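Asker: My questions all concern the structure below.
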2 protein chains.
Amino acid sequence: MNSRQPKMKDIAQRLGVSPATVSRALSGTGLVAEPTLSRILEAADALDYRPNVSARNLRRQCSMTVLMVVRDIGNPFYLEVLKGAEAAAREAGYSVLMGNTENDPEREADYFNMLRDGNADGMVLMTGKLPSSRFKLDKLPVVVALERIEGSAFPHVEIDNAAAASEAVHHLLSLGHRRIAHIAGPRGEPMAEARHKGYEQAMRKAGLEIPPGYEQQGDYLLQGGRDGCRALLSLVDRPSAIFCANDEMAFGAIHELRRSGLDVPRDVSVVGFDDIYLSQAMFPPLTTVSQPRADIGRKAMTVLLDIIAGGKPADMRVMMPTTLMLRESTAPQQEIETPRGNEI
Amino acid sequence: MNSRQPKMKDIAQRLGVSPATVSRALSGTGLVAEPTLSRILEAADALDYRPNVSARNLRRQCSMTVLMVVRDIGNPFYLEVLKGAEAAAREAGYSVLMGNTENDPEREADYFNMLRDGNADGMVLMTGKLPSSRFKLDKLPVVVALERIEGSAFPHVEIDNAAAASEAVHHLLSLGHRRIAHIAGPRGEPMAEARHKGYEQAMRKAGLEIPPGYEQQGDYLLQGGRDGCRALLSLVDRPSAIFCANDEMAFGAIHELRRSGLDVPRDVSVVGFDDIYLSQAMFPPLTTVSQPRADIGRKAMTVLLDIIAGGKPADMRVMMPTTLMLRESTAPQQEIETPRGNEI
DNA sequence: TTGAAAGCGTTACCAG
DNA sequence: CTGGTAACGCTTTCAA
């Protein structure tokens, strides 16, 4: 029960060398001469030696652990990001601790404390704001991914939400649509605001007025998409296309359209944003803005690891490219009822 | 730069007591007298003292960390489970480390090693098999969730896949369907086998022969559902209902049906399994078996924490209840083309 | 190139 | 109830 796991001392005694030498041999500093080196490596292997991480961390004052903090771990949106980040961390020998804030400022503060306490060496933050704190957080090794935290000095890895939104609206314009509405994300949420702005810019650039009621306030949720869409359908001059701030609301909108006896895309085109899992499996497969989520996670982790290693990030603002996925929820504008939509 | 974070020694010196007393006061053992106790607590608060976790773990030989190991972190299926488990762990003061195996036996072994090494105090395992090892793994604090690992002595928290599958098929039977096909999960995968068995049992119990070709081999993926469905449609006597081993394949099947000009549910009913995120947002909203995923995660973590605390699990096999979600992808069997399906 | 020894910050055992 | 002290297992000076 006592001496279960072999320690460095055991290997040292067995071989008649000092623990210090064993440590050097095992940590791969090229400071051990050849006869000894291989003997130590062999012995370690034979005994199935594994270093005690707590001891090492205590001594080295680091934890080899990074935090991934999201506001809702239940949101599939974060999955691929986590995946990419986990892979990058793993390759560098780091473990990933999950953090779920549920939008609770106290929890957010907790995770920052873990950082300050050295329980974690760095943090990838995917929440929209910073907890208030009496400490200067800006010096901590933190990278913000996907979201944008205004006024913070942390590096950001994100996409150009406004430009991507504009591109989506352009697509609708190029299909001949003019009455294009928007169902926005939560008010004040920077990502939602950026997408909204992109919509407005594209409309303005096309010389189009946005009719009253064409900008609906949503909440990123299915029901919000339904509600926004219902409001749009009640307008006298209802839109021929709807650009939604995320896919989930787009699904809600499509539901509502169908319930009203309208066909997508024949009667109304719908574009989403995010390209979440199975968006291509919806009916109709959703035209939407795809983010390279795994790459974003990977990049964020890479930047973070650089910072942890003491480097300065090359870019404080990394923009990852988006792709507009043209699928089947959009079709050319058709003023008059046509016998058949462009279903394949 | 040197003495940033206050340590117990600092508090002790400040107050003229010994570090040991500070430790006792702060760890809440009732072994410190009242005048001292509050002084220590106050001082700790004033200095914003936070314990060094590495040191504590080294000394206590535990990590206050549990591992959640899944085969693919990119699969939304695990999300809610993670969420439930994370919440339960957090409430007990544990952190959750993410593990992603990608079905790589080496990685799986890595995570078991983390356990053996004391880098983690326990593990919730959601992969189908055990890495081969020269060590007896059975004594490690591991709980298997969702999956079933045959021949292992670990407690399992799962659902009755066979019974739930039978219930789904019963639903189709009660709608008058007789020609019911199944698109199964990967061969050899216990969960998939159980669901398959449930299908066969329900059919047998109803006195129905399963026509040749009615059991398609799938892979849990969208394309697998498409392929399986296409094969079914090529049969002379094609099914009037399809029970798919998971939702994703059900979406694939529905796609394929629609491509063939068939309406769901008017021409063919489809049932899925899992009730993943947005299954209710599909068109048509999918009738499927819902698992209490968050509860499963929470329960698994609870059992695990019990084991870590030294207790024996009350049940080695906890079965969580499932619910058949009746939505709009199923309808009564209709031999002859009817003018209108039962769309709402 | 190697060894001795001093910690890293806590906790737990023994005395008092 | 409290103080001294010895670990926990590893890394890293400093000497040799």
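Just remember, in the structure tokens the first chain shown is A, the second B, etc., residues are 1-based per chain, and ligands are 1-based in the order shown.
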For chain D versus chain B, which residues have an atom no more than 10 Å away, and what is each residue's nearest atom pair and distance in Å rounded to one decimal, using only C-alpha atoms (C1' of nucleotides), chain-then-number order, as CSV?
Answerer:
residue,atom,partner,partner_atom,distance
D:DC1,C1',B:Val32,CA,6.4
D:DT2,C1',B:Thr21,CA,6.8
D:DG3,C1',B:Ser18,CA,6.2
D:DG4,C1',B:Ser18,CA,8.7
D:DA7,C1',B:Arg59,CA,8.4
D:DC8,C1',B:Arg59,CA,4.7
D:DG9,C1',B:Leu58,CA,7.8
Asker: Among segment 133-189 of chain B, which residues does DSSP mark as alpha helix (DSSP H) when it is run on the backbone? Keep the chain and numbering as in the structure and answer as a ChimeraX atom specification.
Answerer: /B:161-174
Asker: Based on only C-alpha atoms (C1' of nucleotides), which of the residues in chain C come within 9 Å of chain A? I want them as a PyMOL selection string.
Answerer: chain C and resi 1-4+7-9
Asker: Dump as a VMD selection string the residues of chain B that approach chain A to within 6 Å, counting only C-alpha atoms.
Answerer: chain B and resid 54 to 55 58 74 76 79 to 80 96 to 98 282 to 283
Asker: If you run DSSP on the backbone here, which positions in segment 45-96 of chain B get strand (DSSP E or B)? Please write them as a list in words.
Answerer: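 Here is the list: Thr65, Val66, Leu67, Met68, Val69, Val70, Ser95 and Val96 of chain B.
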Asker: Which residues, written as number ranges by chain, have at least one atom at most 12 Å from Ile183 of chain B, with only C-alpha atoms (C1' of nucleotides) counted and residues fewer than 6 positions away on the same chain left out?
Answerer: B: 165, 192-193, 195-196, 199-200, 213-232, 239, 241-253, 270-273
Asker: For the residues selected in the previous step, produce a file with N, CA and C atoms as a tab-separated table (two decimals), in the first residue's frame.
Answerer:
chain	number	residue	atom	x	y	z
B	165	ALA	N	-36.07	0.93	-27.57
B	165	ALA	CA	-36.24	0.64	-28.99
B	165	ALA	C	-37.56	-0.09	-29.22
B	192	ALA	N	-25.76	-0.06	-30.10
B	192	ALA	CA	-26.43	-0.32	-31.37
B	192	ALA	C	-27.06	-1.71	-31.38
B	193	GLU	N	-26.35	-2.66	-30.84
B	193	GLU	CA	-26.87	-4.03	-30.80
B	193	GLU	C	-28.13	-4.10	-29.94
B	195	ARG	N	-30.26	-1.72	-29.32
B	195	ARG	CA	-31.40	-1.10	-30.00
B	195	ARG	C	-31.93	-2.02	-31.10
B	196	HIS	N	-31.00	-2.66	-31.76
B	196	HIS	CA	-31.39	-3.60	-32.80
B	196	HIS	C	-32.20	-4.75	-32.20
B	199	TYR	N	-35.69	-3.78	-31.42
B	199	TYR	CA	-36.51	-3.78	-32.64
B	199	TYR	C	-36.99	-5.19	-32.97
B	200	GLU	N	-36.04	-6.13	-32.96
B	200	GLU	CA	-36.40	-7.50	-33.31
B	200	GLU	C	-37.40	-8.10	-32.33
B	213	GLY	N	-33.78	-7.90	-45.98
B	213	GLY	CA	-33.38	-6.56	-46.40
B	213	GLY	C	-33.92	-5.47	-45.51
B	214	TYR	N	-34.77	-5.83	-44.56
B	214	TYR	CA	-35.36	-4.81	-43.69
B	214	TYR	C	-34.44	-4.38	-42.56
B	215	GLU	N	-33.31	-5.08	-42.42
B	215	GLU	CA	-32.37	-4.67	-41.39
B	215	GLU	C	-31.11	-4.15	-42.05
B	216	GLN	N	-30.99	-2.84	-42.09
B	216	GLN	CA	-29.85	-2.23	-42.76
B	216	GLN	C	-28.76	-1.88	-41.76
B	217	GLN	N	-27.54	-2.10	-42.20
B	217	GLN	CA	-26.40	-1.76	-41.36
B	217	GLN	C	-26.06	-0.29	-41.53
B	218	GLY	N	-26.06	0.47	-40.46
B	218	GLY	CA	-25.72	1.87	-40.54
B	218	GLY	C	-24.47	2.19	-39.75
B	219	ASP	N	-24.23	3.46	-39.54
B	219	ASP	CA	-22.99	3.87	-38.86
B	219	ASP	C	-23.22	5.07	-37.96
B	220	TYR	N	-24.48	5.38	-37.70
B	220	TYR	CA	-24.85	6.53	-36.86
B	220	TYR	C	-24.68	7.86	-37.60
B	221	LEU	N	-24.26	7.84	-38.85
B	221	LEU	CA	-24.02	9.10	-39.54
B	221	LEU	C	-25.10	9.41	-40.57
B	222	LEU	N	-25.19	10.69	-40.91
B	222	LEU	CA	-26.18	11.16	-41.88
B	222	LEU	C	-26.16	10.31	-43.14
B	223	GLN	N	-24.97	10.15	-43.70
B	223	GLN	CA	-24.85	9.42	-44.95
B	223	GLN	C	-25.29	7.96	-44.79
B	224	GLY	N	-24.98	7.41	-43.64
B	224	GLY	CA	-25.41	6.03	-43.38
B	224	GLY	C	-26.93	5.91	-43.43
B	225	GLY	N	-27.60	6.94	-42.89
B	225	GLY	CA	-29.05	6.94	-42.94
B	225	GLY	C	-29.55	7.03	-44.38
B	226	ARG	N	-28.88	7.87	-45.16
B	226	ARG	CA	-29.27	8.00	-46.56
B	226	ARG	C	-29.11	6.67	-47.28
B	227	ASP	N	-27.94	6.08	-47.11
B	227	ASP	CA	-27.64	4.82	-47.81
B	227	ASP	C	-28.61	3.72	-47.40
B	228	GLY	N	-28.81	3.59	-46.08
B	228	GLY	CA	-29.71	2.55	-45.61
B	228	GLY	C	-31.10	2.73	-46.17
B	229	CYS	N	-31.53	3.99	-46.20
B	229	CYS	CA	-32.87	4.28	-46.69
B	229	CYS	C	-32.98	3.96	-48.18
B	230	ARG	N	-31.95	4.31	-48.93
B	230	ARG	CA	-31.99	4.04	-50.35
B	230	ARG	C	-32.13	2.53	-50.60
B	231	ALA	N	-31.36	1.76	-49.83
B	231	ALA	CA	-31.45	0.31	-49.96
B	231	ALA	C	-32.86	-0.17	-49.66
B	232	LEU	N	-33.48	0.40	-48.65
B	232	LEU	CA	-34.83	-0.01	-48.28
B	232	LEU	C	-35.82	0.33	-49.39
B	239	PRO	N	-40.76	-0.69	-46.97
B	239	PRO	CA	-41.38	-0.46	-45.65
B	239	PRO	C	-42.28	0.76	-45.63
B	241	ALA	N	-42.57	2.16	-42.59
B	241	ALA	CA	-42.03	2.87	-41.43
B	241	ALA	C	-40.59	2.42	-41.22
B	242	ILE	N	-39.78	3.36	-40.75
B	242	ILE	CA	-38.36	3.06	-40.51
B	242	ILE	C	-38.00	3.51	-39.11
B	243	PHE	N	-37.43	2.58	-38.37
B	243	PHE	CA	-36.91	2.92	-37.05
B	243	PHE	C	-35.38	3.01	-37.15
B	244	CYS	N	-34.86	4.19	-36.90
B	244	CYS	CA	-33.40	4.41	-37.04
B	244	CYS	C	-32.74	4.39	-35.65
B	245	ALA	N	-31.54	3.88	-35.62
B	245	ALA	CA	-30.85	3.70	-34.34
B	245	ALA	C	-30.38	5.02	-33.73
B	246	ASN	N	-30.38	6.09	-34.53
B	246	ASN	CA	-30.16	7.41	-33.92
B	246	ASN	C	-30.77	8.50	-34.81
B	247	ASP	N	-30.82	9.68	-34.25
B	247	ASP	CA	-31.50	10.78	-34.95
B	247	ASP	C	-30.79	11.17	-36.24
B	248	GLU	N	-29.48	11.17	-36.19
B	248	GLU	CA	-28.75	11.64	-37.36
B	248	GLU	C	-29.07	10.77	-38.57
B	249	MET	N	-29.12	9.46	-38.36
B	249	MET	CA	-29.49	8.58	-39.47
B	249	MET	C	-30.94	8.81	-39.88
B	250	ALA	N	-31.76	9.13	-38.90
B	250	ALA	CA	-33.16	9.42	-39.23
B	250	ALA	C	-33.25	10.63	-40.16
B	251	PHE	N	-32.42	11.65	-39.88
B	251	PHE	CA	-32.42	12.81	-40.76
B	251	PHE	C	-31.98	12.39	-42.16
B	252	GLY	N	-30.95	11.57	-42.20
B	252	GLY	CA	-30.47	11.09	-43.49
B	252	GLY	C	-31.55	10.33	-44.23
B	253	ALA	N	-32.27	9.50	-43.51
B	253	ALA	CA	-33.34	8.71	-44.13
B	253	ALA	C	-34.43	9.63	-44.66
B	270	VAL	N	-41.01	7.81	-39.82
B	270	VAL	CA	-39.63	7.63	-39.39
B	270	VAL	C	-39.52	7.93	-37.89
B	271	VAL	N	-38.82	7.06	-37.19
B	271	VAL	CA	-38.55	7.28	-35.77
B	271	VAL	C	-37.05	7.27	-35.55
B	272	GLY	N	-36.59	8.18	-34.72
B	272	GLY	CA	-35.16	8.24	-34.41
B	272	GLY	C	-34.89	7.79	-32.99
B	273	PHE	N	-33.67	8.08	-32.54
B	273	PHE	CA	-33.29	7.71	-31.19
B	273	PHE	C	-32.23	8.69	-30.73
